[in-house]
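So the structure is just underneath, and the comments pick up after that.
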Amino acid sequence: VQLQASGGGWGQAGGSLTLSCAASGSITGDNAIGWHRQLTGTQRELVASITNNHDTTYKDSVKGRFTIFRDNTKNTVTLQMENLKPDDTGLYYCSYRPITSWWTSWGQGTQVTVSS
């Protein structure tokens, strides 16, 4: 599975940004697409994910502010980020996994920077 991430950029605290991920390739069976965030020198952490059945998970710190959507017909996933905080800053990666496996495919990172 190949993933192409887009969006991100600069935002102000309280503002909003949108990330998009387009998936292609062998996307079959139950699966999930997620967004992970990484800061320099730290491990990637899962921010939000959504399955092909539209079941979602969110990191506690983004609940109520971020919303993840999925269009199965286009194999795209969107992360709508609202009420941004400086702690949302990081390099965001979209990822794919079969539902019974760990994350197996990664897109390129897209930078999100939130200023206070």
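Ordering of the structure tokens sets the chain letters (A, B, ...); residue numbers start at 1 within each chain; ligands are numbered from 1 in the order shown.
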
| said: With only C-alpha atoms as the counted atoms, please give the residues lying no more than 9 Å from A:Ala5, apart from itself and same-chain residues fewer than 3 positions off, as a ChimeraX atom specification. | reply: /A:19-23,92-94,107-110

With N, CA and C atoms retained, export the selected residues as a compact mmCIF listing (two decimals), in the first residue's frame.
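Here's the written file again-v8.txt:
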```
# COMPACT_ATOMS: atom_id res chain seq x y z
N LEU A 19 -5.21 17.75 7.25
CA LEU A 19 -4.27 16.82 6.64
C LEU A 19 -5.06 15.81 5.82
N SER A 20 -4.51 15.43 4.68
CA SER A 20 -5.15 14.43 3.83
C SER A 20 -4.17 13.33 3.50
N CYS A 21 -4.70 12.13 3.37
CA CYS A 21 -3.88 10.97 3.03
C CYS A 21 -4.61 10.18 1.96
N ALA A 22 -3.93 9.95 0.84
CA ALA A 22 -4.50 9.16 -0.24
C ALA A 22 -3.78 7.83 -0.29
N ALA A 23 -4.53 6.75 -0.22
CA ALA A 23 -3.95 5.41 -0.22
C ALA A 23 -4.20 4.74 -1.57
N TYR A 92 3.84 14.89 10.86
CA TYR A 92 2.71 13.97 10.84
C TYR A 92 2.86 12.99 9.69
N TYR A 93 2.65 11.72 10.01
CA TYR A 93 2.74 10.65 9.02
C TYR A 93 1.39 9.92 8.96
N CYS A 94 0.94 9.61 7.76
CA CYS A 94 -0.20 8.71 7.66
C CYS A 94 0.33 7.29 7.48
N GLY A 107 3.35 6.87 4.79
CA GLY A 107 3.53 7.93 3.82
C GLY A 107 4.68 8.83 4.25
N GLN A 108 4.97 9.82 3.41
CA GLN A 108 6.00 10.76 3.80
C GLN A 108 5.44 11.69 4.86
N GLY A 109 6.25 12.26 5.66
CA GLY A 109 5.80 13.14 6.72
C GLY A 109 5.41 14.50 6.17
N THR A 110 4.47 15.12 6.87
CA THR A 110 4.09 16.49 6.54
C THR A 110 4.13 17.31 7.82
```

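Contact shell of A:Thr104 at 10 Å (only C-alpha atoms; same-chain neighbours under 6 positions omitted): Val1, Ser95, Tyr96, Arg97 and Pro98 of chain A.
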
Do a neighbour search on A:Asn83 at 8 Å with only C-alpha atoms, toss out local chain neighbours closer than 4 positions, and write the hits as a short mmCIF file (atom, residue, chain, number, x, y, z; two decimals) with N, CA and C atoms, in the first residue's frame.
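Output file around.cif is given in full below:
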```cif
data_model
loop_
_atom_site.label_atom_id
_atom_site.label_comp_id
_atom_site.auth_asym_id
_atom_site.auth_seq_id
_atom_site.Cartn_x
_atom_site.Cartn_y
_atom_site.Cartn_z
N ALA A 13 -2.41 29.13 17.27
CA ALA A 13 -3.19 28.52 18.35
C ALA A 13 -4.64 28.97 18.23
N GLY A 14 -5.53 28.00 18.32
CA GLY A 14 -6.95 28.29 18.16
C GLY A 14 -7.44 28.16 16.74
N GLY A 15 -6.51 28.04 15.81
CA GLY A 15 -6.89 27.91 14.41
C GLY A 15 -7.11 26.48 13.99
N SER A 16 -7.13 26.25 12.69
CA SER A 16 -7.39 24.92 12.18
C SER A 16 -6.49 24.60 10.98
N ARG A 65 -11.10 17.92 19.48
CA ARG A 65 -10.50 18.95 18.64
C ARG A 65 -10.19 18.42 17.23
#
```

| task | Going by DSSP on the backbone, which bits of stretch 22-103 of chain A are strand (DSSP E)? Write them as number ranges by chain, please. | result | A: 22-24, 31-38, 45-51, 56-58, 66-71, 76-81, 90-98
